[in-house]
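Text of coords-v1.pdb, listed as PDB, C-alpha atoms:
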MODEL        1
ATOM      1  CA  MET A   9      46.068 -79.142  -4.737
ATOM      2  CA  THR A  10      46.067 -80.652  -1.280
ATOM      3  CA  ASP A  11      44.793 -84.254  -1.319
ATOM      4  CA  ILE A  12      42.659 -85.011   1.743
ATOM      5  CA  VAL A  13      40.913 -88.195   2.873
ATOM      6  CA  VAL A  14      38.176 -88.007   5.504
ATOM      7  CA  LEU A  15      37.264 -91.080   7.558
ATOM      8  CA  GLY A  16      34.094 -90.323   9.461
ATOM      9  CA  SER A  17      30.360 -89.933   9.736
ATOM     10  CA  THR A  18      27.576 -88.896   7.418
ATOM     11  CA  ASN A  19      24.297 -87.832   9.038
ATOM     12  CA  MET A  20      21.082 -86.225   7.955
ATOM     13  CA  ASP A  21      20.645 -83.222  10.229
ATOM     14  CA  LEU A  22      17.050 -82.770  11.384
ATOM     15  CA  VAL A  23      17.092 -79.147  12.488
ATOM     16  CA  ALA A  24      14.440 -77.272  14.480
ATOM     17  CA  TYR A  25      14.828 -73.492  14.814
ATOM     18  CA  VAL A  26      13.408 -72.003  18.027
ATOM     19  CA  GLU A  27      13.556 -68.746  19.938
ATOM     20  CA  LYS A  28      14.878 -70.538  23.022
ATOM     21  CA  ALA A  29      15.822 -74.190  23.437
ATOM     22  CA  PRO A  30      13.469 -76.162  25.723
ATOM     23  CA  GLN A  31      14.512 -77.146  29.227
ATOM     24  CA  ARG A  32      13.952 -80.693  30.478
ATOM     25  CA  GLY A  33      10.227 -81.469  30.471
ATOM     26  CA  GLU A  34       9.383 -78.287  28.554
ATOM     27  CA  THR A  35       7.670 -78.015  25.170
ATOM     28  CA  VAL A  36       8.305 -75.011  22.933
ATOM     29  CA  THR A  37       7.007 -74.014  19.506
ATOM     30  CA  GLY A  38       9.553 -73.977  16.723
ATOM     31  CA  ARG A  39       9.780 -71.442  13.944
ATOM     32  CA  GLU A  40      11.148 -73.690  11.175
ATOM     33  CA  PHE A  41      12.297 -77.240  10.429
ATOM     34  CA  ARG A  42      14.862 -78.358   7.871
ATOM     35  CA  THR A  43      16.597 -81.571   6.814
ATOM     36  CA  ILE A  44      20.219 -80.738   5.970
ATOM     37  CA  PRO A  45      23.013 -83.176   5.043
ATOM     38  CA  GLY A  46      25.703 -83.243   7.741
ATOM     39  CA  GLY A  47      27.766 -85.454  10.035
ATOM     40  CA  LYS A  48      31.185 -84.362  11.242
ATOM     41  CA  GLY A  49      33.012 -86.434   8.642
ATOM     42  CA  ALA A  50      30.904 -85.287   5.721
ATOM     43  CA  ASN A  51      30.992 -81.700   6.987
ATOM     44  CA  GLN A  52      34.784 -81.670   7.071
ATOM     45  CA  ALA A  53      34.922 -83.269   3.635
ATOM     46  CA  VAL A  54      32.636 -80.615   2.139
ATOM     47  CA  ALA A  55      34.488 -77.817   3.938
ATOM     48  CA  ALA A  56      37.853 -78.993   2.622
ATOM     49  CA  ALA A  57      36.514 -79.458  -0.912
ATOM     50  CA  HIS A  58      34.948 -75.984  -0.922
ATOM     51  CA  ALA A  59      38.241 -74.582   0.378
ATOM     52  CA  GLY A  60      40.117 -75.981  -2.595
ATOM     53  CA  ALA A  61      41.295 -79.517  -1.749
ATOM     54  CA  THR A  62      40.836 -82.781  -3.609
ATOM     55  CA  VAL A  63      38.772 -84.839  -1.123
ATOM     56  CA  SER A  64      37.706 -88.470  -0.745
ATOM     57  CA  MET A  65      35.275 -89.791   1.862
ATOM     58  CA  ILE A  66      35.465 -93.093   3.768
ATOM     59  CA  GLY A  67      32.283 -93.963   5.682
ATOM     60  CA  ALA A  68      28.806 -95.438   5.286
ATOM     61  CA  VAL A  69      25.245 -94.422   4.494
ATOM     62  CA  GLY A  70      22.041 -96.414   4.693
ATOM     63  CA  ASN A  71      20.101 -97.880   1.797
ATOM     64  CA  ASP A  72      17.403 -95.227   2.189
ATOM     65  CA  SER A  73      16.406 -91.797   0.925
ATOM     66  CA  PHE A  74      18.649 -90.045   3.443
ATOM     67  CA  GLY A  75      21.599 -92.129   2.250
ATOM     68  CA  ALA A  76      20.978 -91.242  -1.380
ATOM     69  CA  ARG A  77      20.781 -87.554  -0.528
ATOM     70  CA  LEU A  78      23.901 -87.654   1.633
ATOM     71  CA  ARG A  79      25.907 -89.282  -1.158
ATOM     72  CA  SER A  80      24.542 -86.843  -3.731
ATOM     73  CA  THR A  81      25.408 -83.847  -1.569
ATOM     74  CA  LEU A  82      29.003 -84.984  -1.180
ATOM     75  CA  GLU A  83      29.372 -85.619  -4.878
ATOM     76  CA  HIS A  84      27.887 -82.238  -5.810
ATOM     77  CA  SER A  85      30.425 -80.652  -3.458
ATOM     78  CA  GLY A  86      33.242 -82.342  -5.358
ATOM     79  CA  VAL A  87      33.926 -85.136  -2.838
ATOM     80  CA  ASN A  88      34.848 -88.578  -4.182
ATOM     81  CA  THR A  89      32.466 -91.189  -2.695
ATOM     82  CA  ASP A  90      33.943 -94.391  -4.126
ATOM     83  CA  HIS A  91      34.808 -95.498  -0.568
ATOM     84  CA  LEU A  92      31.483 -94.445   0.963
ATOM     85  CA  ARG A  93      29.717 -97.758   1.656
ATOM     86  CA  THR A  94      25.979 -98.339   1.397
ATOM     87  CA  VAL A  95      24.692-100.669   4.136
ATOM     88  CA  GLU A  96      21.314-102.026   5.222
ATOM     89  CA  SER A  97      21.221-100.004   8.458
ATOM     90  CA  PRO A  98      19.323 -96.691   8.412
ATOM     91  CA  SER A  99      21.455 -93.657   7.634
ATOM     92  CA  GLY A 100      22.774 -91.730  10.609
ATOM     93  CA  THR A 101      20.771 -88.763  11.865
ATOM     94  CA  ALA A 102      21.492 -85.742  14.052
ATOM     95  CA  HIS A 103      18.587 -84.097  15.849
ATOM     96  CA  ILE A 104      19.456 -80.432  16.333
ATOM     97  CA  VAL A 105      17.797 -77.515  18.099
ATOM     98  CA  VAL A 106      19.093 -74.069  17.110
ATOM     99  CA  ASP A 107      18.112 -71.022  19.166
ATOM    100  CA  ASP A 108      17.927 -67.375  18.134
ATOM    101  CA  GLU A 109      21.436 -66.709  19.432
ATOM    102  CA  GLY A 110      22.844 -69.276  17.015
ATOM    103  CA  GLY A 111      23.572 -71.827  19.755
ATOM    104  CA  ASN A 112      22.681 -75.488  19.323
ATOM    105  CA  ALA A 113      22.058 -78.764  21.132
ATOM    106  CA  ILE A 114      22.518 -82.034  19.247
ATOM    107  CA  VAL A 115      21.546 -85.696  19.651
ATOM    108  CA  VAL A 116      23.304 -88.034  17.204
ATOM    109  CA  VAL A 117      21.855 -91.438  16.244
ATOM    110  CA  PRO A 118      24.739 -93.267  14.483
ATOM    111  CA  GLY A 119      22.769 -95.643  12.226
ATOM    112  CA  ALA A 120      24.990 -96.718   9.317
ATOM    113  CA  ASN A 121      27.963 -94.931  10.851
ATOM    114  CA  GLY A 122      28.028 -97.636  13.515
ATOM    115  CA  THR A 123      29.040-100.190  10.873
ATOM    116  CA  VAL A 124      32.266 -98.320  10.120
ATOM    117  CA  ASP A 125      34.361-100.249  12.644
ATOM    118  CA  HIS A 126      37.245-101.257  10.356
ATOM    119  CA  LEU A 127      39.028-100.269   7.163
ATOM    120  CA  ALA A 128      37.492-101.900   4.094
ATOM    121  CA  PRO A 129      39.614-103.211   1.205
ATOM    122  CA  GLY A 130      41.214-100.286  -0.587
ATOM    123  CA  ASP A 131      40.803 -97.816   2.275
ATOM    124  CA  GLU A 132      44.416 -98.018   3.417
ATOM    125  CA  GLY A 133      45.652 -97.473  -0.131
ATOM    126  CA  LEU A 134      43.464 -94.390  -0.433
ATOM    127  CA  ILE A 135      44.814 -93.030   2.862
ATOM    128  CA  ALA A 136      48.392 -93.745   1.773
ATOM    129  CA  SER A 137      47.905 -91.599  -1.341
ATOM    130  CA  ALA A 138      46.734 -88.538   0.604
ATOM    131  CA  ASP A 139      48.510 -85.527   2.079
ATOM    132  CA  ALA A 140      46.269 -85.560   5.158
ATOM    133  CA  LEU A 141      43.698 -87.744   6.904
ATOM    134  CA  LEU A 142      40.871 -86.093   8.852
ATOM    135  CA  LEU A 143      39.309 -88.084  11.702
ATOM    136  CA  GLN A 144      36.510 -87.500  14.223
ATOM    137  CA  LEU A 145      34.745 -89.745  16.750
ATOM    138  CA  GLU A 146      31.267 -90.287  15.264
ATOM    139  CA  VAL A 147      32.259 -93.716  13.916
ATOM    140  CA  PRO A 148      33.468 -96.607  16.119
ATOM    141  CA  LEU A 149      36.873 -96.062  17.691
ATOM    142  CA  PRO A 150      38.503 -99.173  16.134
ATOM    143  CA  ALA A 151      38.101 -97.642  12.670
ATOM    144  CA  VAL A 152      39.517 -94.309  13.866
ATOM    145  CA  VAL A 153      42.545 -96.065  15.348
ATOM    146  CA  ALA A 154      43.014 -98.174  12.205
ATOM    147  CA  GLY A 155      42.860 -95.085  10.027
ATOM    148  CA  ALA A 156      45.365 -93.200  12.171
ATOM    149  CA  ARG A 157      47.739 -96.158  12.180
ATOM    150  CA  ALA A 158      47.518 -96.477   8.399
ATOM    151  CA  ALA A 159      48.236 -92.772   7.981
ATOM    152  CA  ARG A 160      51.230 -92.945  10.334
ATOM    153  CA  ALA A 161      52.608 -96.004   8.520
ATOM    154  CA  HIS A 162      52.518 -94.129   5.218
ATOM    155  CA  GLY A 163      53.725 -90.747   6.466
ATOM    156  CA  VAL A 164      50.351 -89.030   6.057
ATOM    157  CA  ARG A 165      49.515 -86.085   8.355
ATOM    158  CA  THR A 166      46.636 -87.005  10.695
ATOM    159  CA  ILE A 167      44.256 -84.385  12.094
ATOM    160  CA  LEU A 168      41.815 -85.541  14.775
ATOM    161  CA  THR A 169      38.743 -83.705  16.022
ATOM    162  CA  PRO A 170      37.977 -85.437  19.360
ATOM    163  CA  ALA A 171      34.196 -85.119  19.141
ATOM    164  CA  PRO A 172      31.962 -86.337  20.636
ATOM    165  CA  ALA A 173      34.365 -85.962  23.556
ATOM    166  CA  GLN A 174      35.529 -89.221  25.131
ATOM    167  CA  PRO A 175      38.721 -90.674  26.622
ATOM    168  CA  LEU A 176      41.212 -91.501  23.883
ATOM    169  CA  PRO A 177      43.509 -94.538  23.906
ATOM    170  CA  PRO A 178      47.253 -93.780  23.911
ATOM    171  CA  GLU A 179      47.684 -95.768  20.691
ATOM    172  CA  LEU A 180      45.406 -93.315  18.889
ATOM    173  CA  LEU A 181      47.035 -90.184  20.285
ATOM    174  CA  ALA A 182      50.463 -91.588  19.390
ATOM    175  CA  ALA A 183      49.410 -91.663  15.712
ATOM    176  CA  VAL A 184      47.916 -88.135  15.630
ATOM    177  CA  ASP A 185      49.897 -85.152  14.329
ATOM    178  CA  LEU A 186      47.389 -82.383  15.096
ATOM    179  CA  LEU A 187      44.556 -82.505  17.631
ATOM    180  CA  VAL A 188      41.747 -79.932  17.279
ATOM    181  CA  PRO A 189      39.411 -79.956  20.311
ATOM    182  CA  ASN A 190      37.054 -77.183  21.323
ATOM    183  CA  GLU A 191      37.192 -75.861  24.887
ATOM    184  CA  HIS A 192      34.713 -78.461  26.197
ATOM    185  CA  GLU A 193      36.548 -81.345  24.541
ATOM    186  CA  ALA A 194      39.924 -80.125  25.802
ATOM    187  CA  THR A 195      38.522 -80.054  29.337
ATOM    188  CA  THR A 196      37.039 -83.545  28.990
ATOM    189  CA  LEU A 197      40.365 -84.925  27.794
ATOM    190  CA  THR A 198      42.467 -83.292  30.508
ATOM    191  CA  GLY A 199      40.205 -82.266  33.393
ATOM    192  CA  ARG A 200      41.536 -78.709  33.062
ATOM    193  CA  THR A 201      39.187 -75.810  32.369
ATOM    194  CA  ASP A 202      41.791 -73.274  31.245
ATOM    195  CA  PRO A 203      42.465 -73.775  27.491
ATOM    196  CA  ARG A 204      46.183 -73.024  27.821
ATOM    197  CA  GLU A 205      46.599 -75.523  30.640
ATOM    198  CA  ALA A 206      44.562 -78.139  28.788
ATOM    199  CA  ALA A 207      46.553 -77.647  25.586
ATOM    200  CA  ALA A 208      49.844 -77.868  27.470
ATOM    201  CA  ALA A 209      48.728 -81.123  29.090
ATOM    202  CA  LEU A 210      47.775 -82.585  25.711
ATOM    203  CA  LEU A 211      51.272 -81.878  24.351
ATOM    204  CA  ASP A 212      52.460 -84.884  26.349
ATOM    205  CA  SER A 213      50.605 -87.051  23.820
ATOM    206  CA  VAL A 214      50.305 -85.034  20.575
ATOM    207  CA  PRO A 215      52.911 -82.710  19.011
ATOM    208  CA  GLU A 216      50.491 -79.968  17.897
ATOM    209  CA  ILE A 217      47.205 -78.754  19.403
ATOM    210  CA  VAL A 218      44.660 -76.206  18.235
ATOM    211  CA  VAL A 219      41.930 -75.427  20.776
ATOM    212  CA  THR A 220      39.002 -73.656  19.138
ATOM    213  CA  LEU A 221      37.516 -70.937  21.326
ATOM    214  CA  GLY A 222      34.342 -70.024  19.434
ATOM    215  CA  ALA A 223      33.999 -66.278  18.925
ATOM    216  CA  ALA A 224      37.299 -65.761  20.785
ATOM    217  CA  GLY A 225      39.302 -67.462  18.017
ATOM    218  CA  SER A 226      41.772 -70.317  18.429
ATOM    219  CA  LEU A 227      44.831 -71.242  20.454
ATOM    220  CA  TYR A 228      47.785 -73.095  18.891
ATOM    221  CA  VAL A 229      50.456 -74.815  20.948
ATOM    222  CA  THR A 230      53.403 -76.948  19.940
ATOM    223  CA  ARG A 231      56.401 -78.316  21.750
ATOM    224  CA  GLY A 232      59.233 -75.880  22.345
ATOM    225  CA  ALA A 233      57.414 -72.715  21.210
ATOM    226  CA  GLU A 234      55.221 -69.996  22.667
ATOM    227  CA  PRO A 235      51.426 -70.423  22.271
ATOM    228  CA  VAL A 236      49.770 -68.547  19.413
ATOM    229  CA  LEU A 237      46.339 -66.977  19.961
ATOM    230  CA  VAL A 238      44.519 -65.938  16.782
ATOM    231  CA  PRO A 239      41.251 -63.972  17.093
ATOM    232  CA  ALA A 240      38.158 -64.743  15.032
ATOM    233  CA  PRO A 241      36.241 -62.193  12.944
ATOM    234  CA  GLN A 242      33.367 -60.681  14.928
ATOM    235  CA  VAL A 243      30.104 -61.532  13.174
ATOM    236  CA  ALA A 244      26.448 -62.041  14.080
ATOM    237  CA  ALA A 245      25.877 -65.796  14.328
ATOM    238  CA  VAL A 246      22.741 -67.302  12.798
ATOM    239  CA  ASP A 247      23.596 -70.994  13.270
ATOM    240  CA  SER A 248      26.856 -72.335  14.676
ATOM    241  CA  THR A 249      26.195 -75.919  13.531
ATOM    242  CA  GLY A 250      29.194 -77.141  11.543
ATOM    243  CA  ALA A 251      31.387 -74.128  12.332
ATOM    244  CA  GLY A 252      34.045 -76.280  13.977
ATOM    245  CA  ASP A 253      34.063 -78.668  11.023
ATOM    246  CA  THR A 254      34.357 -75.751   8.618
ATOM    247  CA  PHE A 255      37.351 -74.528  10.614
ATOM    248  CA  VAL A 256      39.048 -77.938  10.536
ATOM    249  CA  GLY A 257      38.444 -78.485   6.823
ATOM    250  CA  ALA A 258      39.844 -75.073   5.932
ATOM    251  CA  LEU A 259      42.753 -75.485   8.358
ATOM    252  CA  ALA A 260      43.692 -78.816   6.766
ATOM    253  CA  VAL A 261      43.800 -77.125   3.363
ATOM    254  CA  ALA A 262      45.881 -74.223   4.651
ATOM    255  CA  ARG A 263      48.363 -76.528   6.370
ATOM    256  CA  GLY A 264      48.553 -78.662   3.237
ATOM    257  CA  GLU A 265      49.588 -75.506   1.381
ATOM    258  CA  ASP A 266      52.335 -74.897   3.970
ATOM    259  CA  ARG A 267      50.926 -71.591   5.150
ATOM    260  CA  PRO A 268      52.462 -70.183   8.361
ATOM    261  CA  ILE A 269      50.417 -71.274  11.357
ATOM    262  CA  ARG A 270      49.093 -67.817  12.233
ATOM    263  CA  GLU A 271      47.919 -67.285   8.657
ATOM    264  CA  ALA A 272      46.448 -70.797   8.487
ATOM    265  CA  LEU A 273      44.452 -70.247  11.675
ATOM    266  CA  ALA A 274      43.205 -66.831  10.558
ATOM    267  CA  TRP A 275      42.134 -68.225   7.169
ATOM    268  CA  ALA A 276      40.297 -71.108   8.853
ATOM    269  CA  ALA A 277      38.651 -68.637  11.239
ATOM    270  CA  ALA A 278      37.470 -66.604   8.263
ATOM    271  CA  ALA A 279      35.828 -69.740   6.848
ATOM    272  CA  ALA A 280      34.115 -70.519  10.161
ATOM    273  CA  ALA A 281      32.926 -66.909  10.510
ATOM    274  CA  LEU A 282      31.215 -67.144   7.148
ATOM    275  CA  SER A 283      29.583 -70.470   8.035
ATOM    276  CA  VAL A 284      27.939 -69.223  11.262
ATOM    277  CA  GLN A 285      26.183 -66.457   9.328
ATOM    278  CA  ARG A 286      24.234 -69.072   7.332
ATOM    279  CA  PRO A 287      21.829 -71.820   8.428
ATOM    280  CA  GLY A 288      22.796 -75.476   8.408
ATOM    281  CA  ALA A 289      26.082 -77.364   8.429
ATOM    282  CA  SER A 290      27.309 -78.436   4.990
ATOM    283  CA  ALA A 291      24.946 -75.940   3.360
ATOM    284  CA  SER A 292      26.695 -73.076   5.165
ATOM    285  CA  MET A 293      30.275 -73.872   4.182
ATOM    286  CA  PRO A 294      32.006 -71.195   2.112
ATOM    287  CA  TYR A 295      34.022 -71.577  -1.070
ATOM    288  CA  ARG A 296      37.676 -70.605  -1.383
ATOM    289  CA  SER A 297      36.963 -67.291  -3.089
ATOM    290  CA  GLU A 298      34.635 -66.307  -0.244
ATOM    291  CA  ILE A 299      37.192 -67.302   2.387
ATOM    292  CA  ASP A 300      39.898 -65.292   0.654
ATOM    293  CA  LYS A 301      37.637 -62.234   0.576
ATOM    294  CA  GLN A 302      36.724 -62.569   4.254
ATOM    295  CA  TYR A 303      40.368 -63.154   5.203
ATOM    296  CA  ALA A 304      41.486 -60.038   3.341
ATOM    297  CA  SER A 305      38.827 -57.809   4.925
TER     298      SER A 305
ENDMDL
END
Can you present the structure in this file as structure tokens?
Amino acid sequence: MTDIVVLGSTNMDLVAYVEKAPQRGETVTGREFRTIPGGKGANQAVAAAHAGATVSMIGAVGNDSFGARLRSTLEHSGVNTDHLRTVESPSGTAHIVVDDEGGNAIVVVPGANGTVDHLAPGDEGLIASADALLLQLEVPLPAVVAGARAARAHGVRTILTPAPAQPLPPELLAAVDLLVPNEHEATTLTGRTDPREAAAALLDSVPEIVVTLGAAGSLYVTRGAEPVLVPAPQVAAVDSTGAGDTFVGALAVARGEDRPIREALAWAAAAAALSVQRPGASASMPYRSEIDKQYAS
């Protein structure tokens, strides 16, 4: 089994379902409200565990009811939480509006995630024992950089999702093996709106790039080879929250199993396609048997 460590955020998603998202200054009536465990780090951990990896989580939750539920959700998904700290800050929250087309708008309040600004004792050893380290940007950048450096020092593959989008220091990019931005993030990082141009520009800093293109699939580029465009299954989206994290978690598993890149991307796309047909983030993430069935169809 692929051994994956995730260094990142845990949030309680506070999700309102509406016909159409409100504009500035507008009030709309929602159809439903749910509290769903999430956070990009926890989402990727659950996605990878469901897809068949052995997964450990590095991060923090608050000493509150949300924190207890977040930890419990990870553990019930098969994620090791020995390195998930409990701190006095409130747990992180994400305030999400989902419209009837499956689109979303999100406001993240970091809470306990803001305390994850360094590696705690034992974290580097855990990273060193893994096949891959998954990183995002919902915890302070110093911890992300420290994690990437530790992974590089021990020969561990590092996969970074640059979200929320922000300028990245060269020292971080130099320690990343695979960067997985969506179209918006790729544009923010490069100033280029065309995904192929953005990906090509990013190759100056990172050896492999996958730009996720939503319903259009994903674009893979690497140095010295032609780009690879892999379509996504066409499905009716219910809620796209967590789809990108599902993709990354499944992709990390597929790459850990040394699948050819086109197959790895198609398998990850199958996982994401399943997730958007279900409400919520971690609650929507498919298991390996489901991914295999979708991939084969």
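Using only C-alpha atoms, the nearest neighbour of Leu187 in chain A within the list A:Lys28, A:Arg200, A:Arg165, A:His126 is A:Arg165.
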Between range 113-156 of chain A and range 69-76 of chain A, at 8 Å or less, what are the per-residue closest atom pairs and their distances in Å? Count all atoms listed in the file, order by chain and rising residue number, and return it as a tab-separated table.
residue	atom	partner	partner_atom	distance
A:Gly119	CA	A:Gly70	CA	7.6
A:Ala120	CA	A:Val69	CA	5.3
A:Asn121	CA	A:Val69	CA	6.9
(request) For range 145-160 of chain A, please output as a ChimeraX atom specification all residues within 9 Å (counting only C-alpha atoms; exclusion window: fewer than 6 positions along the same chain). (result) /A:15-18,47-49,67,116,118,121-127,131-133,135-136,138,166-174,176-177,179-185
Store the residues picked out above in a file with C-alpha atoms, as a CSV table (one decimal), keeping the file's coordinate frame.
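Printed below is result-v2.csv as written:
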chain,number,residue,atom,x,y,z
A,15,LEU,CA,37.3,-91.1,7.6
A,16,GLY,CA,34.1,-90.3,9.5
A,17,SER,CA,30.4,-89.9,9.7
A,18,THR,CA,27.6,-88.9,7.4
A,47,GLY,CA,27.8,-85.5,10.0
A,48,LYS,CA,31.2,-84.4,11.2
A,49,GLY,CA,33.0,-86.4,8.6
A,67,GLY,CA,32.3,-94.0,5.7
A,116,VAL,CA,23.3,-88.0,17.2
A,118,PRO,CA,24.7,-93.3,14.5
A,121,ASN,CA,28.0,-94.9,10.9
A,122,GLY,CA,28.0,-97.6,13.5
A,123,THR,CA,29.0,-100.2,10.9
A,124,VAL,CA,32.3,-98.3,10.1
A,125,ASP,CA,34.4,-100.2,12.6
A,126,HIS,CA,37.2,-101.3,10.4
A,127,LEU,CA,39.0,-100.3,7.2
A,131,ASP,CA,40.8,-97.8,2.3
A,132,GLU,CA,44.4,-98.0,3.4
A,133,GLY,CA,45.7,-97.5,-0.1
A,135,ILE,CA,44.8,-93.0,2.9
A,136,ALA,CA,48.4,-93.7,1.8
A,138,ALA,CA,46.7,-88.5,0.6
A,166,THR,CA,46.6,-87.0,10.7
A,167,ILE,CA,44.3,-84.4,12.1
A,168,LEU,CA,41.8,-85.5,14.8
A,169,THR,CA,38.7,-83.7,16.0
A,170,PRO,CA,38.0,-85.4,19.4
A,171,ALA,CA,34.2,-85.1,19.1
A,172,PRO,CA,32.0,-86.3,20.6
A,173,ALA,CA,34.4,-86.0,23.6
A,174,GLN,CA,35.5,-89.2,25.1
A,176,LEU,CA,41.2,-91.5,23.9
A,177,PRO,CA,43.5,-94.5,23.9
A,179,GLU,CA,47.7,-95.8,20.7
A,180,LEU,CA,45.4,-93.3,18.9
A,181,LEU,CA,47.0,-90.2,20.3
A,182,ALA,CA,50.5,-91.6,19.4
A,183,ALA,CA,49.4,-91.7,15.7
A,184,VAL,CA,47.9,-88.1,15.6
A,185,ASP,CA,49.9,-85.2,14.3
Checklist entry - Selected by the PyMOL selection byres ((chain A and resi 292) around 12) in the shown coordinates: which residues, as a PyMOL selection string? => result chain A and resi 44-46+51-52+54-55+58+245-254+279-291+293-295+298
Using all atoms listed in the file, the residue out of A:Leu273, A:Met65, A:Ile104, A:Leu142 with shortest distance to Val87 in chain A is A:Met65
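Ranking A:Gly163, A:Pro30, A:Gly222, A:Pro268 by their shortest atom-to-atom distance to Ala113 in chain A, with all atoms listed in the file included, puts A:Pro30 first.
In this model, the gap between CA of Ala240 in chain A and CA of Ala277 in chain A comes to 5.5 Å.
We find CA of Ala161 in chain A and CA of Leu82 in chain A to be spaced 27.8 Å apart.
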When you write range 75-90 of chain A out from the block above, keep N, CA, C and O atoms and present the result as a PDB file, in the first residue's frame, please.
ATOM      1  N   GLY A  75     -13.797  20.079  16.855  1.00  0.00           N
ATOM      2  CA  GLY A  75     -12.524  19.376  16.851  1.00  0.00           C
ATOM      3  C   GLY A  75     -12.685  17.895  17.097  1.00  0.00           C
ATOM      4  O   GLY A  75     -12.064  17.058  16.437  1.00  0.00           O
ATOM      5  N   ALA A  76     -13.539  17.551  18.060  1.00  0.00           N
ATOM      6  CA  ALA A  76     -13.781  16.134  18.356  1.00  0.00           C
ATOM      7  C   ALA A  76     -14.390  15.421  17.153  1.00  0.00           C
ATOM      8  O   ALA A  76     -14.011  14.289  16.825  1.00  0.00           O
ATOM      9  N   ARG A  77     -15.309  16.094  16.476  1.00  0.00           N
ATOM     10  CA  ARG A  77     -15.941  15.467  15.315  1.00  0.00           C
ATOM     11  C   ARG A  77     -14.982  15.347  14.139  1.00  0.00           C
ATOM     12  O   ARG A  77     -14.985  14.342  13.420  1.00  0.00           O
ATOM     13  N   LEU A  78     -14.142  16.356  13.948  1.00  0.00           N
ATOM     14  CA  LEU A  78     -13.157  16.298  12.872  1.00  0.00           C
ATOM     15  C   LEU A  78     -12.188  15.139  13.081  1.00  0.00           C
ATOM     16  O   LEU A  78     -11.890  14.374  12.153  1.00  0.00           O
ATOM     17  N   ARG A  79     -11.693  14.987  14.299  1.00  0.00           N
ATOM     18  CA  ARG A  79     -10.780  13.883  14.600  1.00  0.00           C
ATOM     19  C   ARG A  79     -11.479  12.545  14.391  1.00  0.00           C
ATOM     20  O   ARG A  79     -10.924  11.616  13.786  1.00  0.00           O
ATOM     21  N   SER A  80     -12.699  12.435  14.884  1.00  0.00           N
ATOM     22  CA  SER A  80     -13.446  11.181  14.762  1.00  0.00           C
ATOM     23  C   SER A  80     -13.685  10.815  13.299  1.00  0.00           C
ATOM     24  O   SER A  80     -13.564   9.650  12.909  1.00  0.00           O
ATOM     25  N   THR A  81     -14.002  11.809  12.487  1.00  0.00           N
ATOM     26  CA  THR A  81     -14.252  11.545  11.071  1.00  0.00           C
ATOM     27  C   THR A  81     -13.006  11.002  10.383  1.00  0.00           C
ATOM     28  O   THR A  81     -13.073  10.048   9.594  1.00  0.00           O
ATOM     29  N   LEU A  82     -11.868  11.608  10.664  1.00  0.00           N
ATOM     30  CA  LEU A  82     -10.617  11.114  10.086  1.00  0.00           C
ATOM     31  C   LEU A  82     -10.340   9.680  10.519  1.00  0.00           C
ATOM     32  O   LEU A  82      -9.999   8.820   9.692  1.00  0.00           O
ATOM     33  N   GLU A  83     -10.503   9.428  11.784  1.00  0.00           N
ATOM     34  CA  GLU A  83     -10.211   8.085  12.293  1.00  0.00           C
ATOM     35  C   GLU A  83     -11.154   7.043  11.698  1.00  0.00           C
ATOM     36  O   GLU A  83     -10.726   5.932  11.346  1.00  0.00           O
ATOM     37  N   HIS A  84     -12.437   7.391  11.565  1.00  0.00           N
ATOM     38  CA  HIS A  84     -13.388   6.450  10.975  1.00  0.00           C
ATOM     39  C   HIS A  84     -13.124   6.219   9.494  1.00  0.00           C
ATOM     40  O   HIS A  84     -13.585   5.230   8.922  1.00  0.00           O
ATOM     41  N   SER A  85     -12.394   7.141   8.875  1.00  0.00           N
ATOM     42  CA  SER A  85     -12.012   6.972   7.464  1.00  0.00           C
ATOM     43  C   SER A  85     -10.700   6.213   7.324  1.00  0.00           C
ATOM     44  O   SER A  85     -10.217   6.007   6.208  1.00  0.00           O
ATOM     45  N   GLY A  86     -10.110   5.833   8.454  1.00  0.00           N
ATOM     46  CA  GLY A  86      -8.868   5.069   8.413  1.00  0.00           C
ATOM     47  C   GLY A  86      -7.610   5.907   8.451  1.00  0.00           C
ATOM     48  O   GLY A  86      -6.516   5.405   8.169  1.00  0.00           O
ATOM     49  N   VAL A  87      -7.730   7.194   8.801  1.00  0.00           N
ATOM     50  CA  VAL A  87      -6.573   8.098   8.843  1.00  0.00           C
ATOM     51  C   VAL A  87      -5.980   8.111  10.252  1.00  0.00           C
ATOM     52  O   VAL A  87      -6.715   8.285  11.235  1.00  0.00           O
ATOM     53  N   ASN A  88      -4.667   7.941  10.347  1.00  0.00           N
ATOM     54  CA  ASN A  88      -3.983   8.004  11.633  1.00  0.00           C
ATOM     55  C   ASN A  88      -3.908   9.457  12.097  1.00  0.00           C
ATOM     56  O   ASN A  88      -3.446  10.327  11.355  1.00  0.00           O
ATOM     57  N   THR A  89      -4.356   9.736  13.321  1.00  0.00           N
ATOM     58  CA  THR A  89      -4.396  11.112  13.839  1.00  0.00           C
ATOM     59  C   THR A  89      -3.435  11.346  15.003  1.00  0.00           C
ATOM     60  O   THR A  89      -3.582  12.312  15.744  1.00  0.00           O
ATOM     61  N   ASP A  90      -2.426  10.491  15.142  1.00  0.00           N
ATOM     62  CA  ASP A  90      -1.486  10.661  16.249  1.00  0.00           C
ATOM     63  C   ASP A  90      -0.753  12.001  16.185  1.00  0.00           C
ATOM     64  O   ASP A  90      -0.303  12.511  17.224  1.00  0.00           O
TER      65      ASP A  90
END
